[in-house]
Every structure is written in structure tokens, then in C-alpha cells.
Amino acid sequence: MTRYSRQTRMLVAIDCIIFGFDGQDLKLLVIKRGFEPEKGKWSLMGGFVQPDEGFEEAAARTLKVLTGLEGVYMEQLMAFGSPTRDMMERTISVAYFALIDINTYKQQLSEEYRAEWISLKKLPKLIFDHADMVEQAQARLRYKAAIHPILFELLPQKFTIPQLQILYEAVYDTVFDKRNFSRKVLSTGLLVKQKDKERASSKRGAFYYKLDKRKYSAKFHAFLNFVADPGNLK
């Protein structure tokens, strides 16, 4: 096959920004890089796109290798292509972000990569432009969560309204009024109240809720207006 003449070949990589929620804190899954350059330093999980893969296939493979997970929420963020982003060789990276309930899947992490969940408030320095990727992913997450119910992907099957509020406050780094938050969430019709309560947090306890999966699927891309003006909360 004839190739394009006088064109420089470039590598294409995938980097995964994997967000998790442990019930109290929003965290990022990071690894210690196992090869040069920047060996031993904190990095996002990634790898090179193989000749027989599309971007989504490569991202799904990367996530499965690290966590053993398939079918989790994952979305393409953007491409990062600065000529100087990787000092070893010209590499373009296509970034994806994923949402995972830490408590459900924490036992499935691959020991080979020594992955760790670290709070977004205490992130160490990351290699290359990975900090920029995380910042862009946070901005996208805040925007999407303001109008779509994607944050439920971070929660266990049963959860309370207070737990849901803690999650939203962690994502937006702000405090929401309890009554207004509860009213707005329940008005979506997405939640099904359970008979049992969570009593570890208080004597009175808070009722558990589950997602109505049918309504969730139907309304996933609807504009639900969870958070008004998400970019100007502070």
C-alpha cells in the first residue's frame, strides 16, 4: 500500500482519567509509571493504541487491564497533542474519563500496576500533561453532572440522599442547601424509596433509595438541571 509521502509518523496513546467515590471523597486512580521516561512517578493509566483498535476499544482495554471492569461509564474527553508533551517520542494522547464506585470494585485492581485511589484534594505531581487532563476532566464532569444524572454511576446500588449530596458537594467543591437539594433530586422521579435505613450516620437514620433503571436510561440525556450555573458556584 502506498503511504503518504514526506509525512512524519506519530504514536497515538490513550490516557484514562478514572474517578471514584468512596462515600466521602472524590478520588482519582493513579499508578507509578513502570518505564522510562518518568519511571516511578505518578501517572494516569494509559497505553498505546494498537493497529487493530479504535480509540474506544483501546480505552476499554486499558480500563479492563487495570481494574478488571467492563461496561462502566466512559466518555472521550479530548486529544492532547503538544509537540513537547512526551520527551521520548512525538505522541498524541486521546483522553477518556470513567466513573467507578470505589467500594464495589476496589478488590479488582491489578496488583501489577500498583494503582492507588488518591483524593483529588491531595493529588501528587503527575507526569507530562496529565494534570491538565485531570483538570479538563473535572470541568467536563461538573458540566455534565449539572444537567445529566451521570454521578449516579459513582454510587452503590443503594444510597441515601445525604450520601448523594456529599457526592455532589465533592464534585463541585461547595455546600448545597439540604432541603433544596433533596427536593430537586426527588423531583426527577429517578429514585425509588426503600424500606430500610442507613443508621451508621445518625440514630434517626436516612432511608435508602435505588435508581429506577428504566427512567434512568430514558432520562440519561435529558436536561434535568441538577445544578444551576455550575461554573460559578464559589
# chains A, B, ... in the order shown; residues from 1 in each chain; ligands from 1
$ residues_around --residues "Gly189 of chain A" --least-positions-apart "2" --cutoff "10 Å" --atoms "only C-alpha atoms" --output "PyMOL selection string"
chain A and resi 184-187+191-192+211-212+215-216+219
$ residues_around --residues "segment 165-181 of chain A" --least-positions-apart "4" --cutoff "9 Å" --atoms "only C-alpha atoms" --output "list in words"
Phe21, Gly23, Gln24, Asp25, Leu26, Gln138, Leu141, Arg142, Ala145, Leu151, Leu154, Leu155, Thr160, Ile161, Val185, Leu186, Phe226, Pro230, Gly231, Leu233 and Lys234 of chain A
$ write_last_selection --atoms "N, CA, C and O atoms" --output "PDB file, in the first residue's frame"
ATOM      1  N   PHE A  21     -15.672   7.283  43.874  1.00  0.00           N
ATOM      2  CA  PHE A  21     -16.241   7.885  45.076  1.00  0.00           C
ATOM      3  C   PHE A  21     -16.344   6.814  46.149  1.00  0.00           C
ATOM      4  O   PHE A  21     -16.871   5.723  45.901  1.00  0.00           O
ATOM      5  N   GLY A  23     -17.770   7.287  49.209  1.00  0.00           N
ATOM      6  CA  GLY A  23     -18.801   7.637  50.177  1.00  0.00           C
ATOM      7  C   GLY A  23     -18.551   8.962  50.851  1.00  0.00           C
ATOM      8  O   GLY A  23     -19.471   9.575  51.403  1.00  0.00           O
ATOM      9  N   GLN A  24     -17.307   9.429  50.814  1.00  0.00           N
ATOM     10  CA  GLN A  24     -16.947  10.694  51.441  1.00  0.00           C
ATOM     11  C   GLN A  24     -16.123  11.605  50.537  1.00  0.00           C
ATOM     12  O   GLN A  24     -16.177  12.819  50.655  1.00  0.00           O
ATOM     13  N   ASP A  25     -15.365  11.020  49.642  1.00  0.00           N
ATOM     14  CA  ASP A  25     -14.381  11.804  48.890  1.00  0.00           C
ATOM     15  C   ASP A  25     -14.354  11.375  47.433  1.00  0.00           C
ATOM     16  O   ASP A  25     -14.500  10.191  47.122  1.00  0.00           O
ATOM     17  N   LEU A  26     -14.148  12.347  46.553  1.00  0.00           N
ATOM     18  CA  LEU A  26     -13.963  12.058  45.133  1.00  0.00           C
ATOM     19  C   LEU A  26     -12.476  11.812  44.900  1.00  0.00           C
ATOM     20  O   LEU A  26     -11.626  12.619  45.291  1.00  0.00           O
ATOM     21  N   GLN A 138     -12.344  17.170  35.166  1.00  0.00           N
ATOM     22  CA  GLN A 138     -13.162  17.697  36.254  1.00  0.00           C
ATOM     23  C   GLN A 138     -14.155  18.729  35.737  1.00  0.00           C
ATOM     24  O   GLN A 138     -15.324  18.743  36.138  1.00  0.00           O
ATOM     25  N   LEU A 141     -16.852  16.912  33.901  1.00  0.00           N
ATOM     26  CA  LEU A 141     -17.712  16.200  34.838  1.00  0.00           C
ATOM     27  C   LEU A 141     -18.697  17.152  35.500  1.00  0.00           C
ATOM     28  O   LEU A 141     -19.890  16.848  35.633  1.00  0.00           O
ATOM     29  N   ARG A 142     -18.230  18.325  35.911  1.00  0.00           N
ATOM     30  CA  ARG A 142     -19.107  19.304  36.553  1.00  0.00           C
ATOM     31  C   ARG A 142     -20.186  19.794  35.597  1.00  0.00           C
ATOM     32  O   ARG A 142     -21.349  19.957  35.983  1.00  0.00           O
ATOM     33  N   ALA A 145     -22.648  16.751  34.940  1.00  0.00           N
ATOM     34  CA  ALA A 145     -23.427  16.392  36.127  1.00  0.00           C
ATOM     35  C   ALA A 145     -24.474  17.443  36.468  1.00  0.00           C
ATOM     36  O   ALA A 145     -25.452  17.152  37.161  1.00  0.00           O
ATOM     37  N   LEU A 151     -23.634  11.245  37.810  1.00  0.00           N
ATOM     38  CA  LEU A 151     -22.953  10.969  39.072  1.00  0.00           C
ATOM     39  C   LEU A 151     -23.488   9.719  39.770  1.00  0.00           C
ATOM     40  O   LEU A 151     -22.808   9.160  40.638  1.00  0.00           O
ATOM     41  N   LEU A 154     -21.284   6.692  40.137  1.00  0.00           N
ATOM     42  CA  LEU A 154     -20.271   6.621  41.182  1.00  0.00           C
ATOM     43  C   LEU A 154     -20.809   6.024  42.483  1.00  0.00           C
ATOM     44  O   LEU A 154     -20.045   5.827  43.432  1.00  0.00           O
ATOM     45  N   LEU A 155     -22.109   5.762  42.541  1.00  0.00           N
ATOM     46  CA  LEU A 155     -22.748   5.332  43.777  1.00  0.00           C
ATOM     47  C   LEU A 155     -23.024   3.837  43.792  1.00  0.00           C
ATOM     48  O   LEU A 155     -23.169   3.206  42.749  1.00  0.00           O
ATOM     49  N   THR A 160     -28.281   6.849  50.175  1.00  0.00           N
ATOM     50  CA  THR A 160     -29.186   7.804  50.814  1.00  0.00           C
ATOM     51  C   THR A 160     -29.058   9.167  50.146  1.00  0.00           C
ATOM     52  O   THR A 160     -28.083   9.439  49.440  1.00  0.00           O
ATOM     53  N   ILE A 161     -30.035  10.013  50.387  1.00  0.00           N
ATOM     54  CA  ILE A 161     -29.978  11.383  49.863  1.00  0.00           C
ATOM     55  C   ILE A 161     -28.760  12.130  50.438  1.00  0.00           C
ATOM     56  O   ILE A 161     -28.059  12.822  49.704  1.00  0.00           O
ATOM     57  N   VAL A 185     -33.619  16.646  43.685  1.00  0.00           N
ATOM     58  CA  VAL A 185     -33.285  15.276  43.296  1.00  0.00           C
ATOM     59  C   VAL A 185     -34.533  14.408  43.215  1.00  0.00           C
ATOM     60  O   VAL A 185     -34.732  13.657  42.258  1.00  0.00           O
ATOM     61  N   LEU A 186     -35.421  14.509  44.218  1.00  0.00           N
ATOM     62  CA  LEU A 186     -36.625  13.686  44.230  1.00  0.00           C
ATOM     63  C   LEU A 186     -37.591  14.083  43.119  1.00  0.00           C
ATOM     64  O   LEU A 186     -38.361  13.251  42.622  1.00  0.00           O
ATOM     65  N   PHE A 226     -29.826  19.697  37.385  1.00  0.00           N
ATOM     66  CA  PHE A 226     -29.486  19.396  38.772  1.00  0.00           C
ATOM     67  C   PHE A 226     -28.839  20.590  39.471  1.00  0.00           C
ATOM     68  O   PHE A 226     -29.110  20.873  40.629  1.00  0.00           O
ATOM     69  N   PRO A 230     -23.135  25.808  37.052  1.00  0.00           N
ATOM     70  CA  PRO A 230     -22.096  25.017  37.736  1.00  0.00           C
ATOM     71  C   PRO A 230     -20.714  25.634  37.703  1.00  0.00           C
ATOM     72  O   PRO A 230     -19.879  25.331  38.544  1.00  0.00           O
ATOM     73  N   GLY A 231     -20.449  26.530  36.740  1.00  0.00           N
ATOM     74  CA  GLY A 231     -19.134  27.139  36.651  1.00  0.00           C
ATOM     75  C   GLY A 231     -18.953  28.344  37.549  1.00  0.00           C
ATOM     76  O   GLY A 231     -17.884  28.943  37.586  1.00  0.00           O
ATOM     77  N   LEU A 233     -20.136  28.557  41.113  1.00  0.00           N
ATOM     78  CA  LEU A 233     -20.709  28.199  42.409  1.00  0.00           C
ATOM     79  C   LEU A 233     -20.008  28.875  43.568  1.00  0.00           C
ATOM     80  O   LEU A 233     -20.580  29.080  44.616  1.00  0.00           O
ATOM     81  N   LYS A 234     -18.735  29.222  43.394  1.00  0.00           N
ATOM     82  CA  LYS A 234     -17.994  29.806  44.518  1.00  0.00           C
ATOM     83  C   LYS A 234     -18.092  31.326  44.497  1.00  0.00           C
ATOM     84  O   LYS A 234     -18.235  31.917  43.448  1.00  0.00           O
TER      85      LYS A 234
END
$ atom_distance --atom1 "atom CA of Asp86 of chain A" --atom2 "atom CA of Gly20 of chain A"
27.0 Å
$ residues_around --residues "Lys193 of chain A" --least-positions-apart "4" --cutoff "9 Å" --atoms "only C-alpha atoms" --output "compact mmCIF listing (two decimals) with N, CA, C and O atoms, in the first residue's frame"
# COMPACT_ATOMS: atom_id res chain seq x y z
N PHE A 207 -33.43 7.00 54.89
CA PHE A 207 -33.91 5.95 54.02
C PHE A 207 -32.97 5.75 52.83
O PHE A 207 -32.42 6.70 52.28
N TYR A 208 -32.82 4.49 52.45
CA TYR A 208 -32.09 4.17 51.24
C TYR A 208 -32.98 4.40 50.02
O TYR A 208 -34.20 4.29 50.09
N TYR A 209 -32.32 4.68 48.91
CA TYR A 209 -33.01 4.81 47.62
C TYR A 209 -32.25 3.97 46.60
O TYR A 209 -31.06 3.70 46.74
N LYS A 210 -32.98 3.57 45.56
CA LYS A 210 -32.37 2.94 44.40
C LYS A 210 -32.79 3.70 43.16
O LYS A 210 -33.81 4.37 43.14
N LEU A 211 -31.98 3.58 42.12
CA LEU A 211 -32.33 4.18 40.85
C LEU A 211 -33.43 3.38 40.18
O LEU A 211 -33.40 2.14 40.20
$ residues_around --residues "Ala137 of chain A" --least-positions-apart "3" --cutoff "8 Å" --atoms "only C-alpha atoms" --output "PyMOL selection string"
chain A and resi 17+77+97+133-134+140-141
$ residues_around --residues "Phe19 of chain A" --least-positions-apart "3" --cutoff "9 Å" --atoms "only C-alpha atoms" --output "list in words"
Leu26, Lys27, Leu28, Leu29, Phe97, Ala98, Leu99, Ile100, Asp101, Ile102, Trp117 and Leu154 of chain A
$ residues_around --residues "Asp132 of chain A" --least-positions-apart "3" --cutoff "12 Å" --atoms "only C-alpha atoms" --output "VMD selection string"
chain A and resid 15 17 44 77 to 80 82 85 95 125 to 129 135 to 139
$ write_last_selection --atoms "C-alpha atoms" --output "tab-separated table (two decimals), in the first residue's frame"
chain	number	residue	atom	x	y	z
A	15	ASP	CA	-4.95	8.00	28.87
A	17	ILE	CA	-8.89	9.65	33.99
A	44	LEU	CA	-2.67	8.19	34.75
A	77	LEU	CA	-12.64	13.92	26.74
A	78	MET	CA	-10.32	15.44	24.15
A	79	ALA	CA	-6.96	14.97	22.42
A	80	PHE	CA	-3.69	16.34	23.77
A	82	SER	CA	1.60	19.37	22.17
A	85	ARG	CA	4.29	16.64	25.79
A	95	ALA	CA	-8.04	11.12	26.95
A	125	LYS	CA	2.51	15.83	40.81
A	126	LEU	CA	1.62	13.88	37.66
A	127	ILE	CA	3.84	13.27	34.64
A	128	PHE	CA	3.65	15.05	31.29
A	129	ASP	CA	0.35	16.92	30.83
A	135	GLU	CA	-8.40	19.47	35.24
A	136	GLN	CA	-10.23	19.26	31.92
A	137	ALA	CA	-11.99	16.06	33.02
A	138	GLN	CA	-13.16	17.70	36.25
A	139	ALA	CA	-14.58	20.62	34.30
$ atom_distance --atom1 "atom CA of Arg214 of chain A" --atom2 "atom CA of Leu164 of chain A"
19.6 Å
$ select_by_dssp --residues "segment 36-189 of chain A" --states "helix (DSSP H, G or I)" --output "count of residues only"
71
$ decode --residues "segment 161-175 of chain A" --atoms "all heavy atoms" --output "compact mmCIF listing (two decimals), in the first residue's frame"
# COMPACT_ATOMS: atom_id res chain seq x y z
N ILE A 161 -30.04 10.01 50.39
CA ILE A 161 -29.98 11.38 49.86
C ILE A 161 -28.76 12.13 50.44
O ILE A 161 -28.06 12.82 49.70
CB ILE A 161 -31.28 12.16 50.16
CG1 ILE A 161 -32.47 11.46 49.50
CG2 ILE A 161 -31.16 13.60 49.69
CD1 ILE A 161 -32.42 11.45 48.00
N PRO A 162 -28.48 12.00 51.75
CA PRO A 162 -27.26 12.64 52.27
C PRO A 162 -25.98 12.16 51.59
O PRO A 162 -25.07 12.95 51.34
CB PRO A 162 -27.27 12.26 53.77
CG PRO A 162 -28.72 12.10 54.09
CD PRO A 162 -29.31 11.46 52.86
N GLN A 163 -25.90 10.86 51.27
CA GLN A 163 -24.72 10.36 50.57
C GLN A 163 -24.62 10.97 49.17
O GLN A 163 -23.52 11.31 48.70
CB GLN A 163 -24.79 8.83 50.48
CG GLN A 163 -24.55 8.13 51.80
CD GLN A 163 -24.85 6.64 51.75
OE1 GLN A 163 -25.53 6.15 50.84
NE2 GLN A 163 -24.36 5.90 52.75
N LEU A 164 -25.76 11.09 48.51
CA LEU A 164 -25.79 11.70 47.18
C LEU A 164 -25.36 13.15 47.26
O LEU A 164 -24.61 13.65 46.40
CB LEU A 164 -27.20 11.60 46.60
CG LEU A 164 -27.40 12.16 45.19
CD1 LEU A 164 -26.51 11.46 44.18
CD2 LEU A 164 -28.87 12.04 44.79
N GLN A 165 -25.80 13.86 48.31
CA GLN A 165 -25.41 15.26 48.46
C GLN A 165 -23.92 15.39 48.71
O GLN A 165 -23.26 16.31 48.18
CB GLN A 165 -26.20 15.91 49.60
CG GLN A 165 -25.87 17.40 49.77
CD GLN A 165 -26.82 18.12 50.70
OE1 GLN A 165 -27.93 17.65 50.97
NE2 GLN A 165 -26.40 19.27 51.20
N ILE A 166 -23.35 14.50 49.51
CA ILE A 166 -21.90 14.52 49.76
C ILE A 166 -21.15 14.37 48.45
O ILE A 166 -20.14 15.04 48.21
CB ILE A 166 -21.51 13.39 50.74
CG1 ILE A 166 -22.01 13.71 52.15
CG2 ILE A 166 -19.99 13.20 50.77
CD1 ILE A 166 -21.84 12.56 53.13
N LEU A 167 -21.65 13.50 47.57
CA LEU A 167 -21.02 13.31 46.27
C LEU A 167 -21.06 14.59 45.44
O LEU A 167 -20.04 15.01 44.88
CB LEU A 167 -21.70 12.17 45.53
CG LEU A 167 -21.30 11.98 44.06
CD1 LEU A 167 -19.80 11.76 43.91
CD2 LEU A 167 -22.07 10.81 43.45
N TYR A 168 -22.22 15.20 45.36
CA TYR A 168 -22.34 16.44 44.57
C TYR A 168 -21.46 17.54 45.16
O TYR A 168 -20.83 18.32 44.43
CB TYR A 168 -23.79 16.89 44.50
CG TYR A 168 -24.53 16.31 43.32
CD1 TYR A 168 -25.09 15.03 43.37
CD2 TYR A 168 -24.64 17.02 42.13
CE1 TYR A 168 -25.74 14.49 42.28
CE2 TYR A 168 -25.30 16.49 41.04
CZ TYR A 168 -25.85 15.22 41.11
OH TYR A 168 -26.49 14.68 40.02
N GLU A 169 -21.39 17.61 46.46
CA GLU A 169 -20.56 18.64 47.09
C GLU A 169 -19.08 18.37 46.83
O GLU A 169 -18.29 19.31 46.68
CB GLU A 169 -20.87 18.70 48.59
CG GLU A 169 -22.25 19.27 48.88
CD GLU A 169 -22.61 19.30 50.36
OE1 GLU A 169 -21.92 18.61 51.15
OE2 GLU A 169 -23.55 20.00 50.72
N ALA A 170 -18.70 17.09 46.75
CA ALA A 170 -17.31 16.75 46.45
C ALA A 170 -16.96 17.13 45.01
O ALA A 170 -15.87 17.63 44.74
CB ALA A 170 -17.07 15.26 46.68
N VAL A 171 -17.89 16.88 44.09
CA VAL A 171 -17.64 17.18 42.68
C VAL A 171 -17.53 18.69 42.46
O VAL A 171 -16.66 19.17 41.73
CB VAL A 171 -18.76 16.59 41.80
CG1 VAL A 171 -18.69 17.14 40.37
CG2 VAL A 171 -18.66 15.07 41.79
N TYR A 172 -18.41 19.45 43.11
CA TYR A 172 -18.45 20.90 42.89
C TYR A 172 -17.68 21.71 43.94
O TYR A 172 -17.60 22.92 43.83
CB TYR A 172 -19.91 21.37 42.83
CG TYR A 172 -20.61 20.89 41.59
CD1 TYR A 172 -21.47 19.80 41.64
CD2 TYR A 172 -20.40 21.50 40.36
CE1 TYR A 172 -22.11 19.33 40.50
CE2 TYR A 172 -21.02 21.05 39.22
CZ TYR A 172 -21.87 19.97 39.29
OH TYR A 172 -22.50 19.51 38.15
N ASP A 173 -17.14 21.01 44.94
CA ASP A 173 -16.37 21.68 46.00
C ASP A 173 -17.15 22.84 46.59
O ASP A 173 -16.65 23.97 46.71
CB ASP A 173 -15.02 22.16 45.44
CG ASP A 173 -14.04 22.56 46.55
OD1 ASP A 173 -14.24 22.12 47.69
OD2 ASP A 173 -13.10 23.33 46.26
N THR A 174 -18.38 22.59 46.94
CA THR A 174 -19.25 23.60 47.53
C THR A 174 -20.24 22.91 48.45
O THR A 174 -20.25 21.69 48.57
CB THR A 174 -19.98 24.41 46.44
OG1 THR A 174 -20.57 25.57 47.01
CG2 THR A 174 -21.04 23.57 45.74
N VAL A 175 -21.10 23.70 49.11
CA VAL A 175 -22.12 23.16 50.02
C VAL A 175 -23.50 23.51 49.47
O VAL A 175 -23.75 24.67 49.11
CB VAL A 175 -21.96 23.74 51.45
CG1 VAL A 175 -23.07 23.23 52.36
CG2 VAL A 175 -20.59 23.35 52.02
